[in-house]
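Undergrad: The structure file target08.txt (compact mmCIF, C-alpha atoms) is provided below.
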```txt
# COMPACT_ATOMS: atom_id res chain seq x y z
CA MET A 1 132.81 87.31 42.19
CA ARG A 2 131.26 88.13 38.84
CA ALA A 3 128.02 90.08 38.88
CA THR A 4 126.31 87.42 36.78
CA ASP A 5 127.21 84.71 39.32
CA ARG A 6 125.85 86.83 42.14
CA ASP A 7 122.63 87.52 40.21
CA THR A 8 122.10 83.93 39.14
CA GLU A 9 122.67 82.46 42.58
CA PHE A 10 120.60 85.16 44.27
CA VAL A 11 117.66 84.66 41.91
CA GLU A 12 117.77 80.91 42.49
CA PHE A 13 117.86 81.44 46.24
CA VAL A 14 115.01 83.94 46.30
CA THR A 15 112.86 81.78 44.05
CA ALA A 16 113.33 78.80 46.34
CA GLN A 17 113.32 80.45 49.76
CA ARG A 18 111.34 83.70 49.69
CA THR A 19 108.04 82.14 50.73
CA ALA A 20 109.68 80.34 53.65
CA LEU A 21 111.31 83.57 54.79
CA VAL A 22 108.01 85.43 54.59
CA ARG A 23 106.38 82.73 56.72
CA MET A 24 109.16 82.99 59.28
CA ALA A 25 108.83 86.78 59.29
CA ARG A 26 105.08 86.45 59.73
CA LEU A 27 105.62 84.47 62.91
CA LEU A 28 108.31 86.83 64.18
CA THR A 29 106.02 89.80 63.64
CA ALA A 30 103.02 87.92 65.06
CA GLY A 31 101.04 88.31 61.87
CA ASP A 32 101.98 91.85 60.85
CA ASP A 33 102.20 91.06 57.16
CA ALA A 34 103.42 94.49 56.07
CA PHE A 35 106.19 94.44 58.66
CA ALA A 36 107.03 90.87 57.69
CA GLU A 37 107.38 91.84 54.03
CA ASP A 38 109.60 94.80 55.01
CA LEU A 39 111.83 92.47 57.01
CA VAL A 40 112.17 90.01 54.15
CA GLN A 41 112.95 92.76 51.64
CA THR A 42 115.60 94.22 53.94
CA THR A 43 117.09 90.80 54.60
CA LEU A 44 117.26 89.87 50.94
CA THR A 45 118.86 93.19 50.09
CA LYS A 46 121.55 92.57 52.73
CA LEU A 47 122.08 89.09 51.37
CA TYR A 48 122.56 90.39 47.83
CA VAL A 49 125.10 93.00 48.94
CA HIS A 50 127.06 90.40 50.91
CA TRP A 51 126.45 87.46 48.60
CA GLY A 52 130.10 86.45 48.61
CA ARG A 53 129.92 86.00 52.35
CA VAL A 54 126.62 84.13 52.04
CA ARG A 55 128.20 81.78 49.55
CA ARG A 56 131.27 81.19 51.68
CA ALA A 57 129.17 80.48 54.75
CA GLY A 58 128.01 77.39 52.87
CA ASN A 59 124.51 77.55 54.28
CA PRO A 60 122.53 80.35 52.63
CA VAL A 61 119.27 79.32 54.28
CA GLY A 62 120.82 79.44 57.74
CA TYR A 63 122.53 82.72 56.91
CA ALA A 64 119.21 84.19 55.74
CA ARG A 65 117.36 83.04 58.85
CA THR A 66 120.02 84.59 61.09
CA SER A 67 119.99 87.80 59.10
CA LEU A 68 116.19 87.95 59.18
CA THR A 69 116.14 87.43 62.95
CA HIS A 70 118.73 90.18 63.51
CA THR A 71 116.88 92.51 61.16
CA PHE A 72 113.74 91.85 63.18
CA PHE A 73 115.52 92.81 66.41
CA ASP A 74 117.06 95.88 64.79
CA GLU A 75 113.69 97.07 63.56
CA GLN A 76 112.10 96.40 66.94
CA ARG A 77 114.69 98.63 68.53
CA ARG A 78 113.94 101.54 66.25
CA ALA A 79 112.01 103.85 68.52
CA HIS A 80 110.54 105.79 65.69
CA ARG A 81 108.91 102.82 64.09
CA ARG A 82 105.21 103.45 64.17
CA ARG A 83 103.26 100.34 64.88
CA GLU A 84 100.31 100.18 62.56
CA THR A 85 96.96 98.86 63.62
CA PRO A 86 95.05 96.71 61.17
CA SER A 87 93.19 98.86 58.68
CA GLU A 88 89.63 98.30 57.53
CA THR A 89 90.96 97.06 54.22
CA GLN A 90 93.03 94.43 55.96
CA THR A 91 90.07 93.35 58.04
CA GLU A 92 87.92 92.99 54.95
CA THR A 93 90.63 90.99 53.26
CA GLN A 94 91.01 88.77 56.25
CA THR A 95 87.26 88.18 56.33
CA GLU A 96 87.31 87.14 52.72
CA VAL A 97 90.19 84.81 53.34
CA ALA A 98 88.43 83.36 56.37
CA ALA A 99 85.78 81.92 54.14
CA LEU A 100 88.47 80.06 52.22
CA GLU A 101 90.74 79.13 55.10
CA PRO A 102 89.16 77.04 57.85
CA ASP A 103 92.31 77.30 60.00
CA LEU A 104 92.31 81.07 60.05
CA ASP A 105 90.73 81.40 63.48
CA LEU A 106 93.28 79.04 64.89
CA ALA A 107 96.07 80.96 63.15
CA HIS A 108 94.79 84.26 64.53
CA THR A 109 94.64 82.84 68.03
CA VAL A 110 98.22 81.59 67.81
CA LEU A 111 99.47 84.86 66.32
CA ALA A 112 97.70 86.82 69.07
CA ALA A 113 99.42 84.67 71.67
CA LEU A 114 102.78 85.22 69.93
CA SER A 115 102.20 88.98 69.90
CA ALA A 116 102.03 88.92 73.71
CA LEU A 117 105.60 87.57 73.88
CA ALA A 118 108.68 89.77 74.01
CA PRO A 119 110.47 89.81 70.62
CA ARG A 120 113.34 87.64 71.81
CA GLN A 121 111.00 85.07 73.34
CA ARG A 122 109.00 85.01 70.13
CA ALA A 123 112.18 84.41 68.16
CA VAL A 124 113.13 81.54 70.46
CA VAL A 125 109.72 79.93 69.91
CA VAL A 126 109.99 80.31 66.14
CA LEU A 127 113.53 78.96 65.97
CA ARG A 128 113.11 76.14 68.46
CA HIS A 129 109.57 74.97 67.81
CA TRP A 130 108.86 75.90 64.20
CA LEU A 131 112.27 75.51 62.59
CA ASP A 132 113.22 72.74 65.03
CA LEU A 133 116.67 74.18 65.72
CA ASP A 134 118.39 72.76 68.75
CA VAL A 135 119.33 74.94 71.72
CA ALA A 136 122.92 75.46 70.58
CA GLU A 137 121.94 76.48 67.07
CA THR A 138 119.22 78.78 68.39
CA ALA A 139 121.78 80.41 70.68
CA ARG A 140 124.09 80.91 67.72
CA VAL A 141 121.37 82.55 65.64
CA LEU A 142 120.40 84.82 68.52
CA SER A 143 124.01 85.51 69.55
CA CYS A 144 123.29 84.57 73.15
CA SER A 145 124.10 81.75 75.53
CA THR A 146 122.34 78.40 75.56
CA GLY A 147 121.21 79.19 79.10
CA THR A 148 119.44 82.28 77.86
CA VAL A 149 117.71 80.27 75.15
CA LYS A 150 116.49 77.74 77.70
CA SER A 151 115.17 80.34 80.12
CA GLN A 152 113.54 82.41 77.38
CA ASN A 153 112.00 79.27 75.95
CA ALA A 154 110.55 78.21 79.29
CA LYS A 155 109.06 81.65 79.92
CA ALA A 156 107.67 81.82 76.39
CA LEU A 157 105.99 78.41 76.64
CA ASP A 158 104.46 79.29 80.00
CA HIS A 159 103.13 82.48 78.52
CA LEU A 160 101.75 80.72 75.44
CA ARG A 161 99.96 78.15 77.58
CA THR A 162 98.38 80.91 79.64
CA MET A 163 97.26 82.67 76.49
CA LEU A 164 96.01 79.64 74.57
CA GLU A 165 94.42 77.41 77.19
CA PRO A 166 91.84 76.17 77.74
CA SER A 167 90.71 76.43 74.10
CA ILE A 168 94.05 75.12 72.84
CA VAL A 169 96.09 72.79 75.02
CA LEU A 170 99.76 72.49 74.15
CA GLU A 171 101.52 69.19 74.45
CA GLU A 172 104.36 69.09 76.95
CA LEU A 173 107.48 70.67 75.52
CA ARG A 174 110.94 71.51 76.75
CA MET B 1 96.67 68.17 72.91
CA ASN B 2 98.16 70.33 70.21
CA ASP B 3 101.58 70.15 68.70
CA LEU B 4 103.14 73.63 68.81
CA ASN B 5 105.01 73.02 65.57
CA THR B 6 101.74 72.35 63.76
CA LEU B 7 100.07 75.38 65.31
CA LEU B 8 102.95 77.62 64.29
CA ASP B 9 103.00 76.15 60.81
CA ARG B 10 99.35 77.05 60.34
CA ALA B 11 99.91 80.52 61.77
CA ALA B 12 102.82 81.07 59.39
CA GLY B 13 100.46 81.00 56.44
CA PRO B 14 100.42 78.98 53.25
CA ALA B 15 103.65 77.22 52.36
CA ALA B 16 103.12 77.86 48.67
CA HIS B 17 101.98 81.04 47.01
CA HIS B 18 99.56 80.96 44.13
CA ALA B 19 101.37 83.84 42.43
CA PRO B 20 104.98 83.44 41.33
CA VAL B 21 107.65 85.04 43.51
CA ASP B 22 108.60 88.53 42.30
CA VAL B 23 112.35 88.05 42.14
CA VAL B 24 112.93 91.09 39.92
CA SER B 25 112.01 93.56 42.68
CA ASP B 26 114.35 91.87 45.15
CA LEU B 27 117.12 91.83 42.57
CA THR B 28 116.61 95.50 41.76
CA ARG B 29 116.71 96.49 45.42
CA GLY B 30 119.86 94.43 45.94
CA ARG B 31 121.64 95.93 42.93
CA ARG B 32 120.72 99.44 44.01
CA ALA B 33 121.99 98.82 47.56
CA LEU B 34 125.23 97.28 46.29
CA SER B 35 125.83 100.23 43.99
CA LEU B 36 125.21 102.66 46.84
CA THR B 37 127.52 100.70 49.14
CA ARG B 38 130.31 100.79 46.57
CA ARG B 39 129.91 104.54 46.01
CA ARG B 40 130.02 105.18 49.77
CA ARG B 41 133.01 102.91 50.13
CA GLY B 42 134.81 104.78 47.38
CA ALA B 43 134.18 108.08 49.13
CA ALA B 44 135.17 106.63 52.51
CA GLY B 45 138.31 105.17 50.95
CA LEU B 46 139.44 108.61 49.79
CA LEU B 47 138.80 110.06 53.25
CA GLY B 48 140.48 107.06 54.88
CA PHE B 49 143.55 107.45 52.67
CA ALA B 50 143.85 111.09 53.70
CA ALA B 51 143.34 110.18 57.37
CA ALA B 52 145.91 107.36 57.12
CA GLY B 53 148.47 109.88 55.97
CA VAL B 54 147.82 112.03 59.02
CA VAL B 55 147.93 109.03 61.38
CA GLY B 56 151.10 107.73 59.74
CA ILE B 57 152.87 111.02 60.40
CA GLY B 58 151.70 110.91 64.03
CA ILE B 59 153.07 107.41 64.55
CA THR B 60 156.41 108.25 62.97
CA ARG B 61 156.85 111.20 65.25
CA TYR B 62 155.66 109.49 68.40
CA ALA B 63 157.37 106.11 68.28
CA GLY B 64 161.06 106.47 68.95
CA PRO B 65 163.71 103.77 69.50
CA GLU B 66 163.23 103.99 73.26
CA ASP B 67 159.78 102.54 72.88
CA GLY B 68 161.30 99.05 72.93
CA PRO B 69 159.36 95.96 71.95
CA GLN B 70 156.07 97.85 71.71
CA GLN B 71 157.44 100.20 69.13
CA ALA B 72 155.12 100.70 66.21
CA VAL B 73 156.64 99.08 63.17
CA GLU B 74 155.13 100.50 60.05
CA GLN B 75 154.63 98.04 57.26
CA PRO B 76 155.12 99.01 53.65
CA GLY B 77 151.95 98.57 51.67
CA GLN B 78 151.51 97.67 48.06
CA ASP B 79 153.16 99.86 45.46
CA GLY B 80 155.52 101.22 48.09
CA GLN B 81 152.74 103.18 49.76
CA GLN B 82 152.53 103.40 53.51
CA ALA B 83 149.79 101.10 54.87
CA SER B 84 147.50 102.49 57.51
CA ILE B 85 147.86 99.33 59.62
CA SER B 86 150.92 98.98 61.81
CA PHE B 87 151.90 96.13 64.08
CA LEU B 88 153.18 96.02 67.60
CA ALA B 89 155.93 93.42 67.99
CA GLN B 90 153.93 91.88 70.78
CA PRO B 91 152.37 88.40 70.72
CA LEU B 92 148.65 88.20 71.18
CA ALA B 93 146.79 85.18 72.57
CA ALA B 94 143.11 84.54 71.98
CA GLY B 95 141.82 81.16 73.13
CA PRO B 96 143.51 78.42 71.11
CA TYR B 97 144.93 81.01 68.68
CA THR B 98 148.11 83.01 69.05
CA PHE B 99 149.39 85.84 66.89
CA ASP B 100 153.03 86.82 66.49
CA ALA B 101 152.11 90.49 66.20
CA THR B 102 149.30 92.74 67.32
CA PRO B 103 147.68 95.12 64.83
CA GLU B 104 147.84 98.52 66.47
CA GLY B 105 144.46 100.04 67.18
CA TRP B 106 142.66 96.68 66.94
CA GLU B 107 141.50 94.41 69.73
CA VAL B 108 140.09 90.93 70.18
CA GLN B 109 136.32 91.15 70.40
CA GLY B 110 135.27 87.52 70.48
CA VAL B 111 136.83 84.05 70.64
CA THR B 112 135.24 80.70 69.88
CA PRO B 113 136.98 77.39 69.19
CA SER B 114 136.54 78.02 65.46
CA ALA B 115 137.02 81.79 65.12
CA VAL B 116 138.47 84.98 66.53
CA THR B 117 136.91 88.36 65.82
CA ILE B 118 139.24 91.37 65.93
CA ALA B 119 137.76 94.86 65.69
CA PRO B 120 139.04 98.41 65.81
CA VAL B 121 139.42 99.61 69.40
CA GLY B 122 136.22 101.38 70.42
CA ALA B 123 134.16 99.98 67.56
CA THR B 124 130.50 100.78 68.04
CA ASP B 125 129.53 97.30 66.85
CA GLN B 126 130.44 95.13 69.83
CA ASP B 127 128.67 92.01 68.56
CA PRO B 128 131.42 89.40 68.05
CA ASP B 129 129.17 87.55 65.61
CA SER B 130 128.90 90.59 63.40
CA PHE B 131 131.86 90.63 61.02
CA LEU B 132 131.24 93.92 59.22
CA GLY B 133 134.36 96.05 59.28
CA LYS B 134 136.32 93.51 61.32
CA LEU B 135 139.00 90.87 60.96
CA VAL B 136 137.83 87.31 61.38
CA ILE B 137 140.33 84.51 61.78
CA MET B 138 138.78 81.09 61.25
CA PHE B 139 139.97 77.52 61.51
CA ASP B 140 138.40 76.19 58.36
CA GLY B 141 137.96 72.79 56.81
CA ASN B 142 136.63 73.80 53.41
CA PRO B 143 138.66 73.09 50.25
CA LEU B 144 141.11 75.84 49.34
CA SER B 145 140.43 77.87 46.22
CA GLY B 146 141.34 81.19 44.66
CA GLU B 147 144.51 82.88 43.50
CA THR B 148 147.63 81.34 45.04
CA VAL B 149 150.50 83.37 46.48
CA GLU B 150 153.81 81.89 47.64
CA ARG B 151 155.46 83.53 50.61
CA ASP B 152 158.25 82.26 52.85
CA GLY B 153 157.73 78.69 51.67
CA ARG B 154 153.99 78.67 52.33
CA THR B 155 151.12 78.85 49.86
CA PHE B 156 148.23 81.21 50.49
CA TRP B 157 144.90 81.23 48.66
CA VAL B 158 143.46 84.71 48.10
CA ASN B 159 139.83 85.50 47.25
CA ASP B 160 138.74 89.06 46.61
CA ASP B 161 135.11 89.99 46.93
CA SER B 162 133.51 93.39 46.49
CA ASP B 163 133.36 93.89 50.24
CA TYR B 164 136.30 92.05 51.70
CA THR B 165 139.10 89.62 50.99
CA THR B 166 139.83 86.19 52.42
CA ILE B 167 143.24 84.59 52.57
CA ALA B 168 143.72 80.99 53.66
CA THR B 169 146.65 78.67 54.16
CA PRO B 170 147.08 75.19 55.62
CA THR B 171 148.07 75.09 59.27
CA LEU B 172 151.70 74.39 60.11
CA ALA B 173 153.13 71.01 61.10
CA GLY B 174 152.33 70.27 64.71
CA GLU B 175 149.13 72.30 64.61
CA PRO B 176 145.65 70.75 64.23
CA ALA B 177 145.05 69.79 60.59
CA GLY B 178 142.98 72.26 58.61
CA ASN B 179 143.29 75.71 57.13
CA VAL B 180 143.63 79.01 58.91
CA LEU B 181 141.61 81.61 57.08
CA ILE B 182 141.43 85.33 57.62
CA GLN B 183 138.71 87.59 56.31
CA PHE B 184 139.24 91.33 56.25
CA PRO B 185 137.22 94.29 54.99
CA GLU B 186 138.65 96.30 52.16
CA ASP B 187 137.97 99.71 53.60
CA THR B 188 139.95 99.60 56.83
CA GLY B 189 143.49 100.00 55.60
CA TRP B 190 144.53 96.37 55.35
CA THR B 191 146.31 95.30 52.20
CA ASN B 192 146.98 91.80 50.95
CA ASP B 193 150.66 92.27 51.82
CA THR B 194 150.08 93.29 55.42
CA MET B 195 147.47 90.60 55.82
CA LEU B 196 149.75 87.88 54.42
CA GLU B 197 152.34 88.90 56.96
CA PHE B 198 149.81 88.90 59.77
CA LEU B 199 148.32 85.55 58.71
CA ALA B 200 151.75 83.94 58.54
CA GLY B 201 152.06 84.70 62.25
CA VAL B 202 148.77 83.11 63.24
CA HIS B 203 149.13 79.82 65.09
CA VAL B 204 146.37 77.33 65.76
CA GLY B 205 146.62 75.43 69.02
CA GLU B 206 144.91 72.52 70.69
CA GLY B 207 141.28 73.23 71.42
CA ALA B 208 140.61 74.84 68.06
CA ALA B 209 137.61 73.39 66.25
CA LEU B 210 137.10 73.31 62.51
CA GLY B 211 134.33 75.65 61.38
CA VAL B 212 131.29 73.98 59.88
CA GLY B 213 129.96 75.04 56.52
```
Take the structure I supplied and represent it as structure tokens, if you would.
TA:
Amino acid sequence: MRATDRDTEFVEFVTAQRTALVRMARLLTAGDDAFAEDLVQTTLTKLYVHWGRVRRAGNPVGYARTSLTHTFFDEQRRAHRRRETPSETQTETQTEVAALEPDLDLAHTVLAALSALAPRQRAVVVLRHWLDLDVAETARVLSCSTGTVKSQNAKALDHLRTMLEPSIVLEELR
Amino acid sequence: MNDLNTLLDRAAGPAAHHAPVDVVSDLTRGRRALSLTRRRRGAAGLLGFAAAGVVGIGITRYAGPEDGPQQAVEQPGQDGQQASISFLAQPLAAGPYTFDATPEGWEVQGVTPSAVTIAPVGATDQDPDSFLGKLVIMFDGNPLSGETVERDGRTFWVNDDSDYTTIATPTLAGEPAGNVLIQFPEDTGWTNDTMLEFLAGVHVGEGAALGVG
């Protein structure tokens, strides 16, 4: 593959998909924006290096989502990763944004509930209920069985209900 | 009642950024990583070539005629050089796929109706969905493209990438219609010649499913 082809296709992909990947990473990290940005940067770098494979897979968005999810798991497993607590600067920024974003409280509540889930359960929720992937596709992304997806999904939804109710009542989901 | 999809969508943040996406930084990081990968691969290739020489000597001394059908048969590589991959004259079955020969030192790691993953014995990466450094044999329905090579009456389509090569050929008469495609990394001793020979001995049986995408 010529370098110019790789660059052109990569730039087009990033321009179109970066925001969506950051949003997905934000959910996976339960609102840790710095971690989410790290994940997206790492994922995009992997994609560039293996762009020929991305192209051949025929579904760059799906490839990127899978890569992002695996990168998330890899980073979670790194024992030395120091989890950062929100700094004062972040809090101030969030307060400023709150004035502009009426849904922010709701978003924070949902992200707090997501943060209480195990990483794999969180990923199942994101893939199944935000990206609307079916069980089989979710299992493929997570490299696990469909049975595992179903059980993790059920546990995650139970946990979310416990965390969110009674202020937020979730509609019945499977 | 709240729809979880809507809640998650709000929690994910705005769907459109006010500022343009900074593609240049991503591109720079990608180029730097690719350059580093190629330099490492070059260094590893030199080490691997030296190691292959040592292993080749070991095989030659160890495998005598009395070893029978499992005797290691060394395959000549390109330019008359000795390839570091040798085959055992021993059929290998993996789900709906069968192989006329077994690459010595490699083992089947995962089988699905559309693909077989073969990895070096003892590979640290045991994830069959991870293809880095492994052979992947796929039953593929995508159009064939690339450089064509004729061998033993069959046509093979070869595509070289910076990281690995794919070779594809239509399945044989009597096999499910489609293409059998093999993807192999370029830093593990496989050459196009050895891979063409290996691929020619791959058979697709009933139960194989065409890969999507």
Undergrad: Select residues of chain B: the criterion is any atom within 9 Å of an atom of chain A, counting only C-alpha atoms; output as a ChimeraX atom specification.
TA: /B:1-17,20-24,26-35,37,127-129,159-164,212-213
Undergrad: So how far away is atom CA of Val111 of chain B from atom CA of Met138 of chain B, in Å?
TA: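 Separation between atom CA of Met138 of chain B and atom CA of Val111 of chain B: 10.0 Å.
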Undergrad: For Arg151 of chain B, please output as a list in words all residues within 9 Å (counting only C-alpha atoms; exclusion window: fewer than 2 positions along the same chain).
TA: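 These residues fall inside the cut-off: Val149, Gly153, Arg154, Thr155, Phe156, Leu196, Glu197 and Ala200 of chain B.
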Undergrad: For atom CA of Ser114 of chain B and atom CA of Tyr97 of chain B, quote the distance in Å rounded to one decimal.
TA: 9.5 Å
Undergrad: Once 5 Å is added on each side, what are the centre and the three edge lengths, in Å to one decimal, of the axis-aligned box enclosing the listed atoms of segment 28-40 of chain A? Present them as lines of an AutoDock Vina configuration file.
TA:
```
center_x = 106.6
center_y = 90.8
center_z = 59.5
size_x = 21.1
size_y = 18.0
size_z = 21.0
```
Undergrad: What gap, in Å, lies between atom CA of Leu92 of chain B and atom CA of Glu150 of chain B?
TA: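 Going from atom CA of Leu92 of chain B over to atom CA of Glu150 of chain B, I get 24.9 Å.
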Undergrad: Taking all atoms listed in the file into account, name the residue in A:Ala113, A:Val135, A:Pro119, A:Leu164 that is nearest to His70 of chain A.
TA: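 Distance minimum relative to His70 of chain A lands on A:Pro119.
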